[in-house]
$ cat run12.cif   # mmCIF, C-alpha atoms; chains and numbers go by the auth columns
data_final
loop_
_atom_site.group_PDB
_atom_site.id
_atom_site.type_symbol
_atom_site.label_atom_id
_atom_site.label_comp_id
_atom_site.label_asym_id
_atom_site.label_seq_id
_atom_site.Cartn_x
_atom_site.Cartn_y
_atom_site.Cartn_z
_atom_site.B_iso_or_equiv
_atom_site.auth_seq_id
_atom_site.auth_asym_id
ATOM 1 C CA ALA A 1 232.535 140.351 112.200 0.00 1 D
ATOM 2 C CA PRO A 2 231.344 139.744 115.765 0.00 2 D
ATOM 3 C CA PRO A 3 232.169 136.379 117.329 0.00 3 D
ATOM 4 C CA PRO A 4 229.472 133.704 117.201 0.00 4 D
ATOM 5 C CA ALA A 5 227.208 133.136 120.197 0.00 5 D
ATOM 6 C CA VAL A 6 228.239 130.390 122.609 0.00 6 D
ATOM 7 C CA ALA A 7 225.577 127.833 123.493 0.00 7 D
ATOM 8 C CA ALA A 8 226.976 127.036 126.943 0.00 8 D
ATOM 9 C CA PRO A 9 229.822 128.199 129.174 0.00 9 D
ATOM 10 C CA GLY A 10 233.102 126.430 128.617 0.00 10 D
ATOM 11 C CA ARG A 11 234.204 123.735 131.020 0.00 11 D
ATOM 12 C CA THR A 12 236.774 124.959 133.489 0.00 12 D
ATOM 13 C CA PRO A 13 239.808 122.860 134.327 0.00 13 D
ATOM 14 C CA ALA A 14 239.815 120.630 137.415 0.00 14 D
ATOM 15 C CA LEU A 15 242.567 121.986 139.601 0.00 15 D
ATOM 16 C CA ALA A 16 242.300 119.573 142.535 0.00 16 D
ATOM 17 C CA GLY A 17 243.825 116.496 140.875 0.00 17 D
ATOM 18 C CA GLY A 18 247.403 115.524 140.167 0.00 18 D
ATOM 19 C CA THR A 19 250.004 117.653 141.913 0.00 19 D
ATOM 20 C CA ASP A 20 249.721 119.339 145.273 0.00 20 D
ATOM 21 C CA PRO A 21 248.463 122.926 144.963 0.00 21 D
ATOM 22 C CA ALA A 22 250.622 125.840 146.012 0.00 22 D
ATOM 23 C CA PRO A 23 250.598 126.455 149.770 0.00 23 D
ATOM 24 C CA GLY A 24 247.695 128.669 150.784 0.00 24 D
ATOM 25 C CA LEU A 25 245.867 128.248 147.467 0.00 25 D
ATOM 26 C CA ASP A 26 242.138 127.586 147.963 0.00 26 D
ATOM 27 C CA VAL A 27 241.558 125.244 145.029 0.00 27 D
ATOM 28 C CA ALA A 28 237.782 124.917 145.580 0.00 28 D
ATOM 29 C CA ALA A 29 237.391 128.708 145.600 0.00 29 D
ATOM 30 C CA LEU A 30 239.533 129.104 142.467 0.00 30 D
ATOM 31 C CA GLU A 31 237.572 126.415 140.597 0.00 31 D
ATOM 32 C CA PHE A 32 234.293 128.067 141.619 0.00 32 D
ATOM 33 C CA LEU A 33 235.486 131.519 140.516 0.00 33 D
ATOM 34 C CA ALA A 34 236.690 130.182 137.158 0.00 34 D
ATOM 35 C CA ALA A 35 233.371 128.398 136.526 0.00 35 D
ATOM 36 C CA ASN A 36 231.423 131.496 137.563 0.00 36 D
ATOM 37 C CA ALA A 37 233.535 133.681 135.261 0.00 37 D
ATOM 38 C CA ALA A 38 232.800 131.316 132.346 0.00 38 D
ATOM 39 C CA VAL A 39 229.042 131.566 132.999 0.00 39 D
ATOM 40 C CA ARG A 40 229.219 135.370 133.179 0.00 40 D
ATOM 41 C CA ALA A 41 231.348 135.568 130.015 0.00 41 D
ATOM 42 C CA GLN A 42 228.806 133.466 128.089 0.00 42 D
ATOM 43 C CA ARG A 43 225.939 135.691 129.317 0.00 43 D
ATOM 44 C CA LEU A 44 227.824 138.915 128.528 0.00 44 D
ATOM 45 C CA LEU A 45 228.613 137.700 125.021 0.00 45 D
ATOM 46 C CA ALA A 46 224.947 136.838 124.421 0.00 46 D
ATOM 47 C CA GLU A 47 223.946 140.317 125.632 0.00 47 D
ATOM 48 C CA ALA A 48 226.590 141.977 123.457 0.00 48 D
ATOM 49 C CA LEU A 49 225.303 140.158 120.361 0.00 49 D
ATOM 50 C CA ALA A 50 221.645 141.022 121.084 0.00 50 D
ATOM 51 C CA PRO A 51 219.954 143.630 118.857 0.00 51 D
ATOM 52 C CA GLY A 52 220.098 147.133 120.307 0.00 52 D
ATOM 53 C CA HIS A 53 222.964 146.356 122.667 0.00 53 D
ATOM 54 C CA ALA A 54 224.965 149.372 121.489 0.00 54 D
ATOM 55 C CA ALA A 55 222.213 151.682 122.752 0.00 55 D
ATOM 56 C CA SER A 56 221.932 149.953 126.149 0.00 56 D
ATOM 57 C CA PRO A 57 223.324 151.783 129.161 0.00 57 D
ATOM 58 C CA VAL A 58 226.541 150.445 130.640 0.00 58 D
ATOM 59 C CA PRO A 59 225.681 148.554 133.833 0.00 59 D
ATOM 60 C CA ALA A 60 227.001 149.980 137.084 0.00 60 D
ATOM 61 C CA VAL A 61 230.061 148.339 138.620 0.00 61 D
ATOM 62 C CA LEU A 62 229.030 146.101 141.515 0.00 62 D
ATOM 63 C CA THR A 63 230.049 147.049 145.021 0.00 63 D
ATOM 64 C CA GLU A 64 231.940 144.511 147.114 0.00 64 D
ATOM 65 C CA TRP A 65 228.705 143.652 148.961 0.00 65 D
ATOM 66 C CA GLN A 66 226.731 143.223 145.725 0.00 66 D
ATOM 67 C CA ASP A 67 229.458 140.982 144.304 0.00 67 D
ATOM 68 C CA THR A 68 229.474 138.907 147.505 0.00 68 D
ATOM 69 C CA VAL A 69 225.721 138.427 147.186 0.00 69 D
ATOM 70 C CA ARG A 70 226.042 137.591 143.471 0.00 70 D
ATOM 71 C CA LEU A 71 228.716 134.984 144.138 0.00 71 D
ATOM 72 C CA THR A 72 226.764 133.457 147.042 0.00 72 D
ATOM 73 C CA ALA A 73 223.639 133.268 144.863 0.00 73 D
ATOM 74 C CA ALA A 74 225.661 131.307 142.284 0.00 74 D
ATOM 75 C CA GLY A 75 225.825 128.355 144.722 0.00 75 D
ATOM 76 C CA PRO A 76 229.468 127.968 145.721 0.00 76 D
ATOM 77 C CA PRO A 77 230.721 124.900 147.610 0.00 77 D
ATOM 78 C CA ALA A 78 229.911 125.012 151.333 0.00 78 D
ATOM 79 C CA GLU A 79 233.401 126.048 152.421 0.00 79 D
ATOM 80 C CA VAL A 80 233.487 128.886 149.865 0.00 80 D
ATOM 81 C CA ALA A 81 230.006 130.032 150.917 0.00 81 D
ATOM 82 C CA ALA A 82 231.178 130.064 154.548 0.00 82 D
ATOM 83 C CA ARG A 83 234.165 132.253 153.605 0.00 83 D
ATOM 84 C CA LEU A 84 231.924 134.661 151.696 0.00 84 D
ATOM 85 C CA ALA A 85 229.548 134.876 154.674 0.00 85 D
ATOM 86 C CA ALA A 86 232.397 135.437 157.125 0.00 86 D
ATOM 87 C CA GLY A 87 233.939 138.185 155.025 0.00 87 D
ATOM 88 C CA CYS A 88 230.853 140.301 154.373 0.00 88 D
ATOM 89 C CA ASP A 89 230.312 141.810 157.862 0.00 89 D
ATOM 90 C CA ARG A 90 226.624 140.856 157.778 0.00 90 D
ATOM 91 C CA ASP A 91 224.826 138.147 159.697 0.00 91 D
ATOM 92 C CA ARG A 92 223.792 134.964 157.904 0.00 92 D
ATOM 93 C CA THR A 93 220.128 135.979 157.811 0.00 93 D
ATOM 94 C CA ASP A 94 220.974 139.304 156.151 0.00 94 D
ATOM 95 C CA LEU A 95 223.063 137.458 153.570 0.00 95 D
ATOM 96 C CA ALA A 96 220.292 134.900 152.981 0.00 96 D
ATOM 97 C CA ARG A 97 217.727 137.683 152.466 0.00 97 D
ATOM 98 C CA ALA A 98 220.112 139.462 150.091 0.00 98 D
ATOM 99 C CA VAL A 99 220.671 136.259 148.087 0.00 99 D
ATOM 100 C CA ARG A 100 216.905 135.738 147.846 0.00 100 D
ATOM 101 C CA ALA A 101 216.533 139.293 146.539 0.00 101 D
ATOM 102 C CA TRP A 102 219.342 138.760 144.018 0.00 102 D
ATOM 103 C CA GLU A 103 217.648 135.621 142.718 0.00 103 D
ATOM 104 C CA HIS A 104 214.487 137.661 142.028 0.00 104 D
ATOM 105 C CA GLY A 105 216.125 140.588 140.231 0.00 105 D
ATOM 106 C CA GLY A 106 219.863 141.081 140.706 0.00 106 D
ATOM 107 C CA ALA A 107 221.255 144.400 141.875 0.00 107 D
ATOM 108 C CA ALA A 108 217.909 146.196 141.412 0.00 108 D
ATOM 109 C CA ALA A 109 216.174 143.751 143.760 0.00 109 D
ATOM 110 C CA LEU A 110 218.977 144.072 146.306 0.00 110 D
ATOM 111 C CA THR A 111 218.545 147.857 146.280 0.00 111 D
ATOM 112 C CA VAL A 112 214.803 147.481 146.925 0.00 112 D
ATOM 113 C CA LEU A 113 215.550 145.177 149.874 0.00 113 D
ATOM 114 C CA GLU A 114 218.019 147.528 151.510 0.00 114 D
ATOM 115 C CA GLU A 115 216.908 151.017 150.568 0.00 115 D
ATOM 116 C CA GLU A 116 213.895 152.682 152.148 0.00 116 D
ATOM 117 C CA TRP A 117 213.110 155.947 150.418 0.00 117 D
ATOM 118 C CA THR A 118 210.311 158.441 150.232 0.00 118 D
ATOM 119 C CA PRO A 119 209.022 158.939 146.698 0.00 119 D
ATOM 120 C CA ASP A 120 208.933 162.563 145.562 0.00 120 D
ATOM 121 C CA ALA A 121 205.568 164.116 144.751 0.00 121 D
ATOM 122 C CA GLU A 122 205.587 162.924 141.134 0.00 122 D
ATOM 123 C CA ALA A 123 206.610 159.333 141.941 0.00 123 D
ATOM 124 C CA LEU A 124 204.156 159.215 144.840 0.00 124 D
ATOM 125 C CA ALA A 125 201.338 160.412 142.586 0.00 125 D
ATOM 126 C CA ARG A 126 202.202 157.656 140.055 0.00 126 D
ATOM 127 C CA ALA A 127 202.286 155.030 142.803 0.00 127 D
ATOM 128 C CA ARG A 128 198.961 156.181 144.265 0.00 128 D
ATOM 129 C CA ALA A 129 197.374 156.212 140.810 0.00 129 D
ATOM 130 C CA GLN A 130 198.539 152.639 140.243 0.00 130 D
ATOM 131 C CA LEU A 131 197.182 151.614 143.641 0.00 131 D
ATOM 132 C CA ALA A 132 193.847 153.277 142.919 0.00 132 D
ATOM 133 C CA ALA A 133 193.558 151.573 139.517 0.00 133 D
ATOM 134 C CA ALA A 134 194.812 148.162 140.631 0.00 134 D
ATOM 135 C CA TRP A 135 191.501 146.744 141.808 0.00 135 D
ATOM 136 C CA GLU A 136 188.387 146.889 139.685 0.00 136 D
ATOM 137 C CA GLU A 137 185.181 148.343 141.025 0.00 137 D
ATOM 138 C CA GLY A 138 183.503 145.807 143.280 0.00 138 D
ATOM 139 C CA GLU A 139 186.773 144.031 144.087 0.00 139 D
ATOM 140 C CA ARG A 140 187.828 144.173 147.687 0.00 140 D
ATOM 141 C CA ALA A 141 191.142 145.974 147.816 0.00 141 D
ATOM 142 C CA PRO A 142 193.387 145.284 150.811 0.00 142 D
ATOM 143 C CA ARG A 143 193.855 148.025 153.371 0.00 143 D
ATOM 144 C CA LEU A 144 197.403 149.246 152.865 0.00 144 D
ATOM 145 C CA ARG A 145 199.527 151.214 155.315 0.00 145 D
ATOM 146 C CA ALA A 146 202.225 153.302 153.631 0.00 146 D
ATOM 147 C CA ALA A 147 205.688 154.042 155.005 0.00 147 D
ATOM 148 C CA GLY A 148 208.086 155.557 152.494 0.00 148 D
ATOM 149 C CA ASN A 149 208.093 153.314 149.435 0.00 149 D
ATOM 150 C CA ARG A 150 206.557 150.360 151.295 0.00 150 D
ATOM 151 C CA TRP A 151 202.868 149.464 151.448 0.00 151 D
ATOM 152 C CA THR A 152 201.927 146.790 153.993 0.00 152 D
ATOM 153 C CA ALA A 153 198.594 144.961 153.767 0.00 153 D
ATOM 154 C CA MET A 154 196.992 145.469 157.175 0.00 154 D
ATOM 155 C CA GLY A 155 196.460 142.298 159.195 0.00 155 D
ATOM 156 C CA THR A 156 198.711 140.210 156.950 0.00 156 D
ATOM 157 C CA ASP A 157 202.375 139.372 156.460 0.00 157 D
ATOM 158 C CA ALA A 158 202.288 140.823 152.928 0.00 158 D
ATOM 159 C CA GLN A 159 203.988 143.954 151.678 0.00 159 D
ATOM 160 C CA VAL A 160 204.744 145.545 148.329 0.00 160 D
ATOM 161 C CA ARG A 161 207.674 147.872 147.761 0.00 161 D
ATOM 162 C CA TYR A 162 207.736 150.512 145.078 0.00 162 D
ATOM 163 C CA GLY A 163 211.088 150.615 143.296 0.00 163 D
ATOM 164 C CA ARG A 164 212.679 153.707 141.836 0.00 164 D
ATOM 165 C CA ASP A 165 212.068 152.145 138.419 0.00 165 D
ATOM 166 C CA GLY A 166 208.285 152.131 138.998 0.00 166 D
ATOM 167 C CA ARG A 167 207.999 148.380 139.525 0.00 167 D
ATOM 168 C CA TRP A 168 206.383 146.711 142.545 0.00 168 D
ATOM 169 C CA TRP A 169 208.215 144.059 144.543 0.00 169 D
ATOM 170 C CA PRO A 170 206.409 141.507 146.769 0.00 170 D
ATOM 171 C CA TYR A 171 207.631 140.880 150.317 0.00 171 D
ATOM 172 C CA ARG A 172 206.541 138.483 153.041 0.00 172 D
ATOM 173 C CA LYS A 173 207.257 138.771 156.765 0.00 173 D
ATOM 174 C CA ASP A 174 208.871 135.731 158.366 0.00 174 D
ATOM 175 C CA ARG A 175 210.086 135.672 161.965 0.00 175 D
ATOM 176 C CA GLY A 176 209.989 139.441 162.230 0.00 176 D
ATOM 177 C CA ARG A 177 211.900 140.192 159.014 0.00 177 D
ATOM 178 C CA TRP A 178 210.675 141.085 155.541 0.00 178 D
ATOM 179 C CA TRP A 179 211.835 138.653 152.852 0.00 179 D
ATOM 180 C CA PRO A 180 211.724 139.120 149.071 0.00 180 D
ATOM 181 C CA ALA A 181 208.933 136.868 147.799 0.00 181 D
ATOM 182 C CA GLY A 182 209.085 137.084 144.026 0.00 182 D
ATOM 183 C CA PRO A 183 210.076 139.006 140.930 0.00 183 D
ATOM 184 C CA PRO A 184 208.803 142.536 140.334 0.00 184 D
ATOM 185 C CA ALA A 185 205.427 143.312 138.809 0.00 185 D
ATOM 186 C CA GLN A 186 204.219 146.327 136.860 0.00 186 D
ATOM 187 C CA ASP A 187 201.332 146.978 139.246 0.00 187 D
ATOM 188 C CA PRO A 188 200.708 146.415 142.984 0.00 188 D
ATOM 189 C CA GLU A 189 197.826 143.980 142.492 0.00 189 D
ATOM 190 C CA ALA A 190 200.053 141.623 140.477 0.00 190 D
ATOM 191 C CA ALA A 191 202.759 141.862 143.148 0.00 191 D
ATOM 192 C CA LEU A 192 200.251 141.005 145.896 0.00 192 D
ATOM 193 C CA ALA A 193 198.892 138.173 143.728 0.00 193 D
ATOM 194 C CA ILE A 194 202.363 136.610 143.780 0.00 194 D
ATOM 195 C CA LEU A 195 202.085 136.527 147.574 0.00 195 D
ATOM 196 C CA ALA A 196 198.583 135.058 147.461 0.00 196 D
ATOM 197 C CA SER A 197 199.673 132.267 145.108 0.00 197 D
ATOM 198 C CA ASP A 198 202.362 130.924 147.474 0.00 198 D
#
$ encode --input "run12.cif" --output "structure tokens"
Amino acid sequence: APPPAVAAPGRTPALAGGTDPAPGLDVAALEFLAANAAVRAQRLLAEALAPGHAASPVPAVLTEWQDTVRLTAAGPPAEVAARLAAGCDRDRTDLARAVRAWEHGGAAALTVLEEEWTPDAEALARARAQLAAAWEEGERAPRLRAAGNRWTAMGTDAQVRYGRDGRWWPYRKDRGRWWPAGPPAQDPEAALAILASD
């Protein structure tokens, strides 16, 4: 029989008390990694016990950069976050934007942030059809300028990005850079509505 579901991640041991740690051992980082592993294990078990799990595709292995973003998004102690930032060969703003993307949709959202692509004819036709159907007759649709998979609302700091999975991701420009602004939507109007509601 499968194991029972676990209501909450187990408590990890406190490693900082009692005896002196081994030389060179970063106790705060080790405690954070153990706690993060417990949270992931609880989530993975819940997914494995969910109906239809056997038919689900195996998730891709995270790259080092994706794992850095995932760990930073988990809220490590300040000194651990500083080590992650220093070791990723990206500036702090890039890491902050990546963490924001991760918080809105994990690896898929990070891909949308970093990958600019040109939809093929079929995907472009689907995207244009969704754009055409997004606003009802009589509604004032924004003027959108397309570049690859990105549609920017003219005269605003709002943008929607079309993902390879057919979802639309809202973005907002801040100090010259586009920032993820919310979770994905099934149509461009809903994605732009997320921006309007902020």
$ atom_distance --input "run12.cif" --atom1 "atom CA of D:Trp168" --atom2 "atom CA of D:Asp89"
28.8 Å
$ closest_atom_pairs --input "run12.cif" --of "stretch 57-77 of chain D" --to "stretch 30-52 of chain D" --cutoff "10 Å" --atoms "only C-alpha atoms" --output "CSV"
residue,atom,partner,partner_atom,distance
D:Leu71,CA,D:Asn36,CA,7.9
D:Ala74,CA,D:Asn36,CA,7.5
D:Gly75,CA,D:Phe32,CA,9.0
D:Pro76,CA,D:Phe32,CA,6.3
D:Pro77,CA,D:Phe32,CA,7.7
$ closest_residue --input "run12.cif" --among "D:Ala132, D:Ala147, D:Val160, D:Val27" --to "D:Glu79" --atoms "all atoms listed in the file"
D:Val27
$ axis_aligned_box --input "run12.cif" --around "stretch 159-165 of chain D" --padding-each-side "8 Å" --output "AutoDock Vina command-line options"
--center_x 208.3 --center_y 148.8 --center_z 145.0 --size_x 24.7 --size_y 25.8 --size_z 29.3
$ closest_residue --input "run12.cif" --among "D:Gly87, D:Gly105, D:Gly155, D:Gly10" --to "D:Pro170" --atoms "all atoms listed in the file"
D:Gly105
